[in-house]
file coords.cif (mmCIF, C-alpha atoms)
data_start
#
loop_
_atom_site.label_atom_id
_atom_site.label_comp_id
_atom_site.auth_asym_id
_atom_site.auth_seq_id
_atom_site.Cartn_x
_atom_site.Cartn_y
_atom_site.Cartn_z
CA MET A 380 4.98 -16.12 -29.65
CA SER A 381 6.34 -15.82 -33.14
CA GLY A 382 6.56 -12.93 -35.60
CA THR A 383 7.98 -11.74 -38.85
CA GLU A 384 11.55 -12.91 -39.11
CA HIS A 385 14.37 -10.38 -39.19
CA ASP A 386 17.47 -10.42 -41.32
CA GLN A 387 19.91 -12.61 -39.39
CA SER A 388 22.90 -10.37 -40.14
CA THR A 389 24.71 -8.22 -37.58
CA PRO A 390 22.17 -6.37 -35.40
CA THR A 391 21.73 -2.64 -35.88
CA ALA A 392 23.01 -0.12 -33.36
CA ASP A 393 19.63 0.45 -31.72
CA VAL A 394 19.71 -3.12 -30.39
CA TRP A 395 22.19 -1.83 -27.79
CA PHE A 396 20.19 1.29 -26.89
CA THR A 397 19.68 2.47 -23.26
CA TRP A 398 18.22 5.67 -21.85
CA ASN A 399 21.34 6.28 -19.74
CA GLY A 400 22.85 8.78 -22.17
CA VAL A 401 19.68 10.70 -22.96
CA GLY A 402 19.50 14.27 -21.64
CA THR A 403 16.58 15.57 -19.56
CA GLU A 404 15.34 18.92 -20.78
CA GLU A 405 12.57 20.98 -19.13
CA GLU A 406 13.40 19.15 -15.94
CA ALA A 407 10.90 20.82 -13.63
CA GLN A 408 8.02 21.27 -16.04
CA ASP A 409 6.36 17.88 -16.43
CA ILE A 410 5.88 16.69 -12.83
CA PRO A 411 3.20 18.54 -10.83
CA ALA A 412 4.46 19.32 -7.34
CA GLU A 413 1.53 17.54 -5.71
CA SER A 414 2.25 14.27 -7.58
CA ALA A 415 5.91 13.90 -6.62
CA TYR A 416 6.39 11.23 -3.91
CA SER A 417 2.66 10.45 -3.96
CA GLY A 418 3.24 6.90 -5.22
CA ILE A 419 2.79 3.74 -3.21
CA LEU A 420 4.86 0.56 -3.14
CA PHE A 421 3.93 -2.64 -4.96
CA ASP A 422 5.16 -5.87 -3.36
CA GLU A 423 6.48 -8.36 -5.92
CA THR A 424 7.83 -10.86 -3.38
CA LEU A 425 5.35 -13.64 -4.21
CA ARG A 426 5.86 -13.32 -7.98
CA ASP A 427 9.12 -11.75 -9.14
CA GLY A 428 10.85 -12.49 -5.85
CA LEU A 429 10.44 -16.23 -6.30
CA GLN A 430 12.13 -16.29 -9.72
CA ALA A 431 15.59 -17.21 -8.47
CA PRO A 432 17.09 -20.70 -8.11
CA HIS A 433 18.21 -20.10 -4.53
CA ILE A 434 14.78 -18.91 -3.32
CA HIS A 435 12.39 -21.40 -1.74
CA ASN A 436 8.80 -21.44 -2.98
CA PRO A 437 6.72 -21.02 0.19
CA SER A 438 3.75 -23.21 1.01
CA LEU A 439 0.27 -21.71 0.70
CA GLU A 440 0.13 -21.29 4.48
CA GLN A 441 3.43 -19.40 4.42
CA LYS A 442 2.25 -17.23 1.52
CA LEU A 443 -0.89 -16.32 3.47
CA ALA A 444 1.32 -15.30 6.39
CA ILE A 445 3.48 -13.20 4.06
CA VAL A 446 0.35 -11.43 2.81
CA ASP A 447 -0.55 -10.64 6.42
CA HIS A 448 2.95 -9.25 7.02
CA MET A 449 2.64 -7.11 3.89
CA SER A 450 -0.60 -5.61 5.15
CA ARG A 451 0.64 -4.96 8.70
CA SER A 452 3.74 -3.22 7.32
CA GLY A 453 1.66 -0.83 5.24
CA VAL A 454 1.90 -2.42 1.78
CA ARG A 455 -1.27 -1.61 -0.14
CA SER A 456 -0.80 -3.45 -3.45
CA ALA A 457 0.96 -6.64 -4.46
CA ASP A 458 1.59 -9.13 -7.24
CA LEU A 459 0.46 -12.45 -5.80
CA GLY A 460 1.39 -14.87 -8.55
CA PHE A 461 1.05 -16.13 -12.11
CA PRO A 462 -2.33 -17.89 -12.54
CA GLY A 463 -1.58 -18.68 -16.18
CA SER A 464 0.95 -21.33 -15.22
CA GLY A 465 -1.76 -23.91 -14.51
CA ALA A 466 -4.76 -25.05 -12.49
CA ALA A 467 -2.78 -25.32 -9.25
CA ALA A 468 -1.62 -21.72 -9.61
CA VAL A 469 -5.20 -20.56 -10.21
CA GLU A 470 -6.30 -22.31 -7.04
CA GLU A 471 -3.47 -20.89 -4.96
CA CYS A 472 -3.94 -17.35 -6.29
CA THR A 473 -7.67 -17.63 -5.58
CA GLU A 474 -6.96 -18.59 -1.96
CA LEU A 475 -4.66 -15.60 -1.56
CA ALA A 476 -7.31 -13.24 -2.97
CA ARG A 477 -10.00 -14.80 -0.74
CA HIS A 478 -7.75 -14.36 2.29
CA ILE A 479 -7.38 -10.65 1.55
CA ALA A 480 -11.14 -10.26 1.21
CA ALA A 481 -12.00 -12.35 4.28
CA GLY A 482 -9.52 -10.45 6.44
CA GLY A 483 -10.64 -7.04 5.18
CA LEU A 484 -7.01 -6.30 4.30
CA ALA A 485 -6.32 -2.96 2.62
CA LEU A 486 -4.32 -4.71 -0.07
CA THR A 487 -5.12 -4.65 -3.79
CA PRO A 488 -4.36 -8.03 -5.40
CA GLY A 489 -2.57 -8.06 -8.73
CA PHE A 490 -1.51 -11.02 -10.85
CA ALA A 491 1.03 -11.36 -13.63
CA GLY A 492 0.34 -12.68 -17.10
CA ARG A 493 1.70 -12.70 -20.62
CA THR A 494 -0.20 -11.14 -23.49
CA HIS A 495 -1.69 -14.57 -24.16
CA PRO A 496 -5.51 -14.58 -23.81
CA SER A 497 -5.28 -17.76 -21.72
CA ASP A 498 -3.15 -15.96 -19.09
CA ILE A 499 -5.63 -13.11 -18.85
CA HIS A 500 -8.53 -15.55 -18.66
CA ALA A 501 -6.81 -17.26 -15.71
CA ILE A 502 -6.49 -13.91 -13.91
CA GLY A 503 -10.16 -13.22 -14.56
CA GLU A 504 -11.04 -16.63 -13.19
CA VAL A 505 -9.21 -15.84 -9.94
CA GLY A 506 -11.18 -12.62 -9.52
CA GLN A 507 -14.49 -14.36 -10.25
CA ARG A 508 -13.85 -17.29 -7.92
CA ALA A 509 -12.60 -15.06 -5.10
CA GLY A 510 -15.31 -12.46 -5.64
CA VAL A 511 -12.84 -9.56 -5.60
CA ALA A 512 -11.56 -6.99 -8.06
CA VAL A 513 -8.10 -7.96 -9.35
CA GLU A 514 -5.52 -6.29 -11.55
CA ALA A 515 -3.83 -7.93 -14.53
CA TYR A 516 -0.16 -7.01 -14.92
CA VAL A 517 0.25 -8.07 -18.55
CA PHE A 518 3.86 -8.07 -19.72
CA ILE A 519 5.59 -8.05 -23.08
CA GLY A 520 9.21 -7.36 -24.08
CA VAL A 521 9.67 -4.24 -26.21
CA SER A 522 13.39 -3.53 -26.49
CA PRO A 523 15.15 -3.87 -29.86
CA ILE A 524 17.51 -6.48 -28.41
CA ARG A 525 14.57 -8.60 -27.27
CA GLN A 526 12.85 -8.19 -30.65
CA TYR A 527 16.04 -9.22 -32.45
CA VAL A 528 16.55 -12.33 -30.33
CA GLU A 529 12.91 -13.42 -30.47
CA ASP A 530 12.40 -12.55 -34.15
CA TRP A 531 9.48 -10.31 -33.22
CA ASP A 532 8.48 -7.15 -35.01
CA ILE A 533 6.78 -4.03 -33.70
CA GLU A 534 3.44 -4.85 -35.31
CA LEU A 535 3.33 -8.17 -33.47
CA ILE A 536 3.89 -6.32 -30.19
CA ARG A 537 1.27 -3.70 -30.99
CA SER A 538 -1.25 -6.38 -31.94
CA ALA A 539 -0.58 -8.30 -28.71
CA ILE A 540 -1.26 -5.16 -26.67
CA ARG A 541 -4.54 -4.54 -28.46
CA THR A 542 -5.61 -8.13 -27.86
CA SER A 543 -4.65 -7.94 -24.18
CA ALA A 544 -6.56 -4.72 -23.56
CA ALA A 545 -9.68 -6.19 -25.17
CA GLU A 546 -9.31 -9.46 -23.26
CA CYS A 547 -9.03 -7.62 -19.92
CA ARG A 548 -12.24 -5.76 -20.69
CA ARG A 549 -13.99 -9.05 -21.43
CA GLU A 550 -12.68 -10.59 -18.21
CA ASN A 551 -13.57 -7.46 -16.19
CA VAL A 552 -10.06 -7.04 -14.77
CA GLU A 553 -8.03 -3.87 -14.71
CA PHE A 554 -5.38 -3.82 -17.44
CA VAL A 555 -1.86 -2.76 -16.47
CA LEU A 556 0.48 -2.79 -19.45
CA VAL A 557 3.95 -3.94 -18.36
CA LEU A 558 6.73 -3.08 -20.80
CA GLU A 559 9.65 -5.41 -20.19
CA ASP A 560 13.09 -3.92 -20.83
CA ALA A 561 11.67 -0.43 -21.45
CA VAL A 562 14.98 1.02 -20.25
CA ARG A 563 16.63 -0.40 -23.39
CA CYS A 564 13.82 0.49 -25.77
CA THR A 565 14.33 3.31 -28.26
CA PRO A 566 12.03 6.35 -28.36
CA GLN A 567 10.87 5.27 -31.82
CA VAL A 568 9.69 1.87 -30.62
CA LEU A 569 8.26 3.22 -27.38
CA GLY A 570 6.34 5.88 -29.24
CA SER A 571 4.78 3.23 -31.47
CA VAL A 572 3.82 1.18 -28.40
CA TYR A 573 2.49 4.24 -26.56
CA ASP A 574 0.30 5.07 -29.56
CA VAL A 575 -1.44 1.73 -29.09
CA ALA A 576 -1.82 2.47 -25.36
CA VAL A 577 -3.62 5.69 -26.31
CA GLU A 578 -5.69 3.89 -28.94
CA THR A 579 -6.84 1.21 -26.47
CA GLY A 580 -7.51 3.64 -23.63
CA THR A 581 -4.81 2.11 -21.44
CA ARG A 582 -4.52 4.07 -18.18
CA ARG A 583 -1.82 2.14 -16.30
CA LEU A 584 1.67 1.45 -17.66
CA THR A 585 4.71 -0.10 -15.99
CA LEU A 586 8.21 0.82 -17.15
CA CYS A 587 10.62 -2.04 -16.45
CA ASP A 588 14.35 -2.01 -15.90
CA THR A 589 14.26 -5.76 -16.47
CA VAL A 590 18.00 -6.40 -16.48
CA GLY A 591 19.05 -3.65 -14.06
CA ALA A 592 20.73 -1.61 -16.79
CA ALA A 593 19.50 1.85 -15.74
CA VAL A 594 21.35 4.59 -13.90
CA PRO A 595 19.36 7.34 -12.13
CA THR A 596 19.75 9.82 -14.98
CA GLY A 597 18.48 7.18 -17.43
CA THR A 598 15.53 6.45 -15.15
CA GLU A 599 14.72 10.13 -15.04
CA ALA A 600 15.09 10.59 -18.79
CA LEU A 601 12.77 7.70 -19.60
CA ILE A 602 10.08 8.73 -17.11
CA ARG A 603 10.11 12.39 -18.17
CA TRP A 604 10.06 11.55 -21.89
CA THR A 605 7.17 9.13 -21.33
CA ARG A 606 5.17 11.69 -19.38
CA ARG A 607 5.65 14.30 -22.09
CA TYR A 608 4.70 11.84 -24.83
CA PHE A 609 1.33 11.08 -23.26
CA ALA A 610 0.74 14.67 -22.15
CA ASP A 611 1.31 15.91 -25.70
CA ARG A 612 -1.47 13.57 -26.83
CA GLY A 613 -3.85 14.52 -24.03
CA HIS A 614 -3.88 11.00 -22.62
CA ALA A 615 -3.76 10.56 -18.83
CA VAL A 616 -1.73 7.56 -17.75
CA GLU A 617 -0.38 6.41 -14.40
CA LEU A 618 3.21 5.22 -14.56
CA GLU A 619 4.75 2.46 -12.48
CA TRP A 620 8.40 1.52 -12.12
CA HIS A 621 9.86 -1.98 -11.83
CA GLY A 622 13.61 -2.25 -11.28
CA HIS A 623 16.29 -4.90 -10.87
CA ASN A 624 19.62 -4.66 -9.09
CA ASP A 625 22.20 -6.00 -11.54
CA ARG A 626 24.30 -2.80 -11.28
CA GLY A 627 23.48 -2.23 -7.62
CA LEU A 628 21.26 0.74 -8.53
CA ALA A 629 17.73 -0.63 -8.08
CA LEU A 630 17.12 1.31 -4.86
CA VAL A 631 18.29 4.70 -6.11
CA ASN A 632 16.49 4.22 -9.44
CA SER A 633 13.27 3.35 -7.60
CA LEU A 634 13.61 6.34 -5.29
CA THR A 635 14.09 8.46 -8.41
CA ALA A 636 10.87 7.03 -9.84
CA LEU A 637 9.02 7.87 -6.62
CA ALA A 638 10.40 11.40 -6.70
CA LEU A 639 9.19 11.78 -10.28
CA GLY A 640 5.63 10.89 -9.34
CA CYS A 641 5.28 7.25 -10.38
CA ALA A 642 1.99 5.94 -9.01
CA ARG A 643 3.51 2.63 -7.91
CA VAL A 644 7.08 1.50 -7.49
CA HIS A 645 7.79 -2.24 -7.29
CA GLY A 646 10.07 -4.14 -4.94
CA THR A 647 10.57 -7.39 -3.04
CA VAL A 648 11.27 -8.02 0.61
CA LEU A 649 15.04 -8.12 1.23
CA GLY A 650 15.53 -7.47 -2.50
CA VAL A 651 15.07 -11.14 -3.44
CA GLY A 652 14.64 -12.05 -7.08
CA GLU A 653 16.33 -13.29 -10.21
CA ARG A 654 20.07 -12.71 -10.70
CA ALA A 655 21.07 -9.83 -8.36
CA GLY A 656 17.47 -9.41 -7.22
CA ASN A 657 14.84 -6.70 -7.37
CA ALA A 658 14.67 -3.33 -5.69
CA SER A 659 14.52 -3.85 -1.93
CA LEU A 660 10.97 -3.16 -0.78
CA ASP A 661 12.02 -2.79 2.85
CA GLN A 662 14.69 -0.21 2.00
CA LEU A 663 12.19 1.69 -0.13
CA MET A 664 9.71 1.70 2.77
CA ILE A 665 12.29 2.86 5.28
CA ASN A 666 13.49 5.69 3.07
CA SER A 667 9.96 6.76 2.20
CA HIS A 668 8.99 6.74 5.88
CA LEU A 669 12.05 8.62 7.09
CA ASP A 670 11.67 11.24 4.36
CA GLY A 671 8.05 11.83 5.42
CA HIS A 672 6.45 10.77 2.15
CA HIS A 673 4.44 7.84 3.55
CA THR A 674 3.94 6.30 6.98
CA TYR A 675 4.82 2.65 7.43
CA ASP A 676 4.99 0.43 10.50
CA LEU A 677 8.71 -0.26 10.55
CA THR A 678 8.50 -2.63 13.50
CA ALA A 679 6.01 -4.72 11.51
CA LEU A 680 8.34 -4.41 8.52
CA ARG A 681 11.20 -5.87 10.56
CA GLU A 682 8.93 -8.75 11.57
CA TYR A 683 8.06 -9.25 7.91
CA CYS A 684 11.74 -9.47 6.97
CA GLU A 685 12.54 -11.81 9.85
CA TYR A 686 9.67 -14.11 8.90
CA ALA A 687 10.36 -14.05 5.17
CA ALA A 688 14.11 -14.71 5.36
CA PRO A 689 13.97 -18.36 6.55
CA VAL A 690 10.78 -19.07 4.58
CA LEU A 691 12.45 -17.91 1.36
CA GLY A 692 15.76 -19.55 2.27
CA VAL A 693 17.88 -16.41 2.50
CA ASP A 694 20.09 -14.95 5.20
CA ILE A 695 19.92 -11.32 6.26
CA PRO A 696 23.52 -10.07 6.07
CA GLN A 697 24.69 -8.71 9.42
CA ASN A 698 25.33 -5.29 7.84
CA TYR A 699 22.10 -5.22 5.78
CA PRO A 700 20.56 -1.72 6.07
CA ALA A 701 18.19 -1.39 9.05
CA MET A 702 17.60 -5.15 9.32
CA GLY A 703 21.08 -6.60 9.83
CA ARG A 704 22.22 -7.92 13.19
CA ASP A 705 25.03 -5.38 13.55
CA VAL A 706 23.57 -2.19 12.10
CA PHE A 707 22.77 -0.63 15.48
CA LYS A 708 26.00 -1.71 17.16
CA THR A 709 29.21 0.25 17.68
CA SER A 710 32.43 -0.31 19.57
CA ALA A 711 34.34 2.85 18.62
CA GLY A 712 35.21 4.96 21.64
CA VAL A 713 34.26 8.32 20.13
CA HIS A 714 30.88 6.97 19.04
CA ALA A 715 30.26 5.42 22.46
CA SER A 716 31.06 8.73 24.13
CA ALA A 717 28.45 10.57 22.05
CA ILE A 718 25.81 7.88 22.61
CA LEU A 719 26.47 7.91 26.36
CA LYS A 720 26.05 11.71 26.48
CA ALA A 721 22.84 11.47 24.48
CA HIS A 722 21.58 8.76 26.82
CA GLU A 723 22.32 10.96 29.83
CA LYS A 724 20.21 13.74 28.30
CA GLY A 725 17.22 11.38 28.53
CA SER A 726 16.16 11.40 24.88
CA VAL A 727 15.75 8.12 22.99
CA ALA A 728 15.41 10.04 19.73
CA LEU A 729 18.68 11.85 20.40
CA LYS A 730 20.49 8.63 21.27
CA ASP A 731 19.05 7.01 18.15
CA SER A 732 20.27 9.80 15.90
CA VAL A 733 23.65 10.98 17.14
CA TYR A 734 25.49 8.15 15.37
CA ALA A 735 22.76 6.55 13.23
CA GLY A 736 20.82 7.52 10.11
CA VAL A 737 17.96 5.12 10.90
CA PRO A 738 16.43 5.38 14.39
CA ALA A 739 16.61 1.95 16.01
CA ALA A 740 13.43 2.50 18.04
CA LEU A 741 11.32 2.71 14.85
CA LEU A 742 12.18 -0.93 14.21
CA GLY A 743 11.73 -2.00 17.82
CA ARG A 744 15.48 -2.14 18.38
CA GLU A 745 18.04 -0.26 20.48
CA GLN A 746 21.46 1.23 20.03
CA GLU A 747 24.11 -1.21 21.29
CA VAL A 748 27.54 -0.16 22.50
CA LEU A 749 30.01 -3.05 22.51
CA ILE A 750 33.27 -3.37 24.38
CA ASP A 751 36.17 -4.71 22.34
CA ALA A 752 39.78 -3.94 21.42
CA ALA A 753 38.75 -0.63 19.78
CA SER A 754 36.79 0.60 22.80
CA GLY A 755 37.53 3.24 25.39
CA ALA A 756 36.35 4.09 28.87
CA ASN A 757 33.02 5.49 27.69
CA ASN A 758 32.05 2.12 26.23
CA VAL A 759 32.41 0.59 29.68
CA LYS A 760 30.62 3.52 31.33
CA TYR A 761 27.69 3.10 28.98
CA TRP A 762 27.42 -0.60 29.81
CA LEU A 763 27.66 0.12 33.54
CA THR A 764 24.98 2.84 33.27
CA LEU A 765 22.53 0.56 31.45
CA HIS A 766 23.08 -2.22 33.96
CA GLY A 767 22.63 -0.04 37.05
CA HIS A 768 26.27 0.25 38.19
CA THR A 769 28.20 3.33 39.15
CA THR A 770 30.70 4.62 36.61
CA ASP A 771 33.34 6.17 38.91
CA ASP A 772 35.47 3.07 39.54
CA ALA A 773 38.50 3.73 37.31
CA THR A 774 40.17 0.46 38.35
CA LEU A 775 37.15 -1.58 37.30
CA ILE A 776 36.94 0.21 33.98
CA LYS A 777 40.62 -0.46 33.39
CA LYS A 778 40.19 -4.18 34.10
CA VAL A 779 37.30 -4.47 31.68
CA LEU A 780 39.26 -2.70 28.93
CA GLU A 781 42.31 -4.87 29.55
CA ARG A 782 40.18 -7.99 29.09
CA ALA A 783 38.61 -6.52 25.94
CA LYS A 784 41.96 -5.68 24.36
CA ALA A 785 43.15 -9.23 24.98
CA SER A 786 40.06 -10.69 23.31
CA ARG A 787 39.44 -11.19 19.60
CA THR A 788 35.67 -10.65 19.98
CA PRO A 789 33.51 -8.17 21.92
CA LEU A 790 32.93 -9.00 25.57
CA GLY A 791 29.52 -10.47 26.38
CA ASP A 792 27.32 -9.36 29.26
CA GLU A 793 28.11 -12.48 31.26
CA GLU A 794 31.86 -11.98 30.87
CA ILE A 795 31.64 -8.33 31.93
CA GLY A 796 29.52 -9.36 34.92
CA GLN A 797 32.21 -11.86 35.99
CA ILE A 798 34.90 -9.15 35.85
CA ILE A 799 32.75 -6.90 38.03
CA ALA A 800 32.09 -9.73 40.50
CA THR A 801 35.77 -10.63 40.87
CA ALA A 802 36.78 -6.98 41.07
CA GLY A 803 34.43 -6.42 44.03
#
call {"tool": "encode", "arguments": {"input": "coords.cif", "output": "C-alpha cells"}}
result
Amino acid sequence: MSGTEHDQSTPTADVWFTWNGVGTEEEAQDIPAESAYSGILFDETLRDGLQAPHIHNPSLEQKLAIVDHMSRSGVRSADLGFPGSGAAAVEECTELARHIAAGGLALTPGFAGRTHPSDIHAIGEVGQRAGVAVEAYVFIGVSPIRQYVEDWDIELIRSAIRTSAAECRRENVEFVLVLEDAVRCTPQVLGSVYDVAVETGTRRLTLCDTVGAAVPTGTEALIRWTRRYFADRGHAVELEWHGHNDRGLALVNSLTALALGCARVHGTVLGVGERAGNASLDQLMINSHLDGHHTYDLTALREYCEYAAPVLGVDIPQNYPAMGRDVFKTSAGVHASAILKAHEKGSVALKDSVYAGVPAALLGREQEVLIDAASGANNVKYWLTLHGHTTDDATLIKKVLERAKASRTPLGDEEIGQIIATAG
C-alpha cells in the first residue's frame, strides 16, 4: 500500500503519542452496569499465536484438534487463519470452518485480512465453500508512527476502510474493523477514522495494543474516549480489545477491557505470539471463571494447554499460573500445617483455598505437600495421612525429616516408603 509522501524531516511529536498519559473523566458514566464483564474471549492461537519464529506451525490435523480443545474449554469465537496468503491457506481455512459446522461446535469462525479486496474475497470464498457464516477481521495501521514510516496519509486509511466495508458487503461476510496500534493513535486521527466507521455503518471495531505499549490507565482512557465518541454521534458499535505482552501488561490490560464492557477480548493459549506474545487466553479464562463473569471448563482448558504446548513447540514453565508443574505444590511447614488441618476437616474446597488462589480441583489437579529441607513434621503427617499410615510415630517422622534435610531435592514417594519399611 502506498500513499501521499510525507516530508522526510524529523517526525512531529504526535508520532510518539500513547494513551497512557490521558486522563479518564466521567469514569462511571459511559459503561452501562449490565455490559461490564459481558464480553467473551476470542482465541487468536491459530493466527496471531503462530506469528513467532519459535512457534511451530501445526498440521491441519493438529489445528482441527486445537479447534476441538477451544470448543470444549468454552471458547466461542476464534481467528482461524489468513486466507489471503494463498490457495493453500484458503483450503486449510475452509477445512477448519467445515469441521466446526460438521461437529456442531458453538464456535464462530473469524479470519484475518488486510484492507486489500483480494484478502476479503479470500475470506468470502472460505465462507462460501464451507457453507457457514464467517467474520472478516480486516486490519490497518492507524498510528502516526506507522503512517510516518509507511508514508501513508489519513485519507489513504479512510479510503481503505470504505473499500473494505463495501467489499465485505459484496462478499456477504461480517466486517470487523481492526485498528492496528490504536493505543498509539492520537484522538485527532482516531476521530477521523471513527467518522468513516459511522459513515460506512461499521458495527464492530477492534482496538489493538499491537506493540504492547499500553498500561491499564491508558487502556481505560482509550476505551472510554472511544465509547463517548460513538455515543455522541448516536452510533452503536461493539468494541473488541487485542493486546500484546511486551511490557508484561497484556493480561491486566485485557481484564481492564473486559471490565469496561468490550464485547470480545483476544488472547492466545499460553500467551504465544510475536515478540513477548499475546495476552494469555488461559489466564483470561481462569480469571473470568473465578470472578464469576463466565463459566469455563478449566479441566478441558488444562488439556488444551497440555496438548497445544508440544504441538506449538513451547514449554509450560513450572511456575506458570494454574498450568505449571509446581503451582499446586508446597514444602513450607506452616503451609503444610494449614493444608493438613483443612484436609482433616473433610473439605476439598477448603484444602484448595487455604494456601492457593486457584482451586486445584477445578483443573483436575490436587494440592501437593512435598517433604524437603524446608519441611516440618506436618509435611510428613500429611503424606502419612494420604497414604493410609498413622501419624503418631514421632521417631518415624524424625527419620523422614532427617533424610529430607540431607537431600538437595524433595523426597519421592518411593524413598519415603523405603524409610517407613526400614523403620518398621
call {"tool": "residues_near_point", "arguments": {"input": "coords.cif", "point": "(2.1, -13.4, -20.9)", "cutoff": "12 Å", "atoms": "only C-alpha atoms", "output": "PyMOL selection string"}}
result
chain A and resi 380+461-464+490-502+515-520+536+539-540+542-543+556-559
call {"tool": "atom_distance", "arguments": {"input": "coords.cif", "atom1": "CA of Leu569 in chain A", "atom2": "CA of Tyr416 in chain A"}}
result
24.9 Å
call {"tool": "residues_near_point", "arguments": {"input": "coords.cif", "point": "(-8.8, 3.0, -20.0)", "cutoff": "12 Å", "atoms": "all atoms listed in the file", "output": "list in words"}}
result
Ala544, Ala545, Cys547, Arg548, Val552, Glu553, Phe554, Val555, Leu556, Val575, Ala576, Val577, Glu578, Thr579, Gly580, Thr581, Arg582, Arg583, Leu584, His614, Ala615, Val616 and Glu617 of chain A
call {"tool": "residues_around", "arguments": {"input": "coords.cif", "residues": "range 434-447 of chain A", "least_positions_apart": "4", "cutoff": "8 Å", "atoms": "all atoms listed in the file", "output": "VMD selection string"}}
result
chain A and resid 425 428 to 430 451 471 475 478 to 479 651 to 652 683 686 to 687 690 to 693
call {"tool": "atom_distance", "arguments": {"input": "coords.cif", "atom1": "CA of Ala773 in chain A", "atom2": "CA of Gly725 in chain A"}}
result
24.3 Å
call {"tool": "atom_distance", "arguments": {"input": "coords.cif", "atom1": "CA of Ala512 in chain A", "atom2": "CA of Glu546 in chain A"}}
result
15.6 Å
call {"tool": "resolve_selection", "arguments": {"input": "coords.cif", "expression": "the PyMOL selection byres ((chain A and resi 506) around 10)", "output": "VMD selection string"}}
result
chain A and resid 469 472 to 473 476 to 477 488 to 490 500 to 505 507 to 514 550 to 552
call {"tool": "closest_residue", "arguments": {"input": "coords.cif", "among": "A:Ile799, A:Ile695, A:Val568, A:Ala610", "to": "Val648 in chain A", "atoms": "only C-alpha atoms"}}
result
A:Ile695
call {"tool": "resolve_selection", "arguments": {"input": "coords.cif", "expression": "the PyMOL selection byres ((chain A and resi 720-722) around 10)", "output": "list in words"}}
result
Ala715, Ser716, Ala717, Ile718, Leu719, Glu723, Lys724, Gly725, Ser726, Val727, Ala728, Leu729, Lys730, Asp731, Ser732, Val733, Asn757, Tyr761, Thr764 and Leu765 of chain A
call {"tool": "residues_around", "arguments": {"input": "coords.cif", "residues": "Thr774 in chain A", "least_positions_apart": "5", "cutoff": "12 Å", "atoms": "all atoms listed in the file", "output": "mmCIF file with C-alpha atoms, keeping the file's coordinate frame"}}
result
data_model
loop_
_atom_site.group_PDB
_atom_site.id
_atom_site.type_symbol
_atom_site.label_atom_id
_atom_site.label_comp_id
_atom_site.auth_asym_id
_atom_site.auth_seq_id
_atom_site.Cartn_x
_atom_site.Cartn_y
_atom_site.Cartn_z
ATOM 1 C CA ALA A 756 36.350 4.090 28.870
ATOM 2 C CA VAL A 759 32.410 0.590 29.680
ATOM 3 C CA VAL A 779 37.300 -4.470 31.680
ATOM 4 C CA LEU A 780 39.260 -2.700 28.930
ATOM 5 C CA GLU A 781 42.310 -4.870 29.550
ATOM 6 C CA ILE A 798 34.900 -9.150 35.850
ATOM 7 C CA ILE A 799 32.750 -6.900 38.030
ATOM 8 C CA ALA A 802 36.780 -6.980 41.070
ATOM 9 C CA GLY A 803 34.430 -6.420 44.030
#
call {"tool": "resolve_selection", "arguments": {"input": "coords.cif", "expression": "the PyMOL selection byres ((chain A and resi 645) around 10)", "output": "ChimeraX atom specification"}}
result
/A:419-424,427,456-458,585,587,619-623,633,643-644,646-647,657-660,663
call {"tool": "build_atoms", "arguments": {"input": "coords.cif", "residues": "range 728-737 of chain A", "atoms": "N, CA, C and O atoms", "output": "CSV table (one decimal), in the coordinates of the input"}}
result
chain,number,residue,atom,x,y,z
A,728,ALA,N,15.3,9.6,21.1
A,728,ALA,CA,15.4,10.0,19.7
A,728,ALA,C,16.8,10.6,19.5
A,728,ALA,O,17.4,10.4,18.5
A,729,LEU,N,17.3,11.3,20.5
A,729,LEU,CA,18.7,11.8,20.4
A,729,LEU,C,19.7,10.7,20.4
A,729,LEU,O,20.6,10.7,19.5
A,730,LYS,N,19.5,9.7,21.2
A,730,LYS,CA,20.5,8.6,21.3
A,730,LYS,C,20.4,7.8,20.0
A,730,LYS,O,21.4,7.3,19.5
A,731,ASP,N,19.2,7.8,19.4
A,731,ASP,CA,19.0,7.0,18.2
A,731,ASP,C,19.6,7.7,16.9
A,731,ASP,O,19.8,7.1,15.9
A,732,SER,N,19.9,9.0,17.1
A,732,SER,CA,20.3,9.8,15.9
A,732,SER,C,21.7,10.3,15.9
A,732,SER,O,22.2,10.6,14.9
A,733,VAL,N,22.3,10.3,17.1
A,733,VAL,CA,23.6,11.0,17.1
A,733,VAL,C,24.7,10.2,16.3
A,733,VAL,O,25.6,10.9,15.7
A,734,TYR,N,24.6,8.9,16.2
A,734,TYR,CA,25.5,8.2,15.4
A,734,TYR,C,24.7,7.1,14.5
A,734,TYR,O,25.2,6.0,14.3
A,735,ALA,N,23.5,7.5,14.0
A,735,ALA,CA,22.8,6.6,13.2
A,735,ALA,C,21.9,7.3,12.3
A,735,ALA,O,21.3,8.4,12.7
A,736,GLY,N,21.7,6.9,11.1
A,736,GLY,CA,20.8,7.5,10.1
A,736,GLY,C,19.4,6.9,10.1
A,736,GLY,O,18.5,7.5,9.6
A,737,VAL,N,19.3,5.8,10.7
A,737,VAL,CA,18.0,5.1,10.9
A,737,VAL,C,17.7,4.9,12.4
A,737,VAL,O,18.5,4.2,13.1
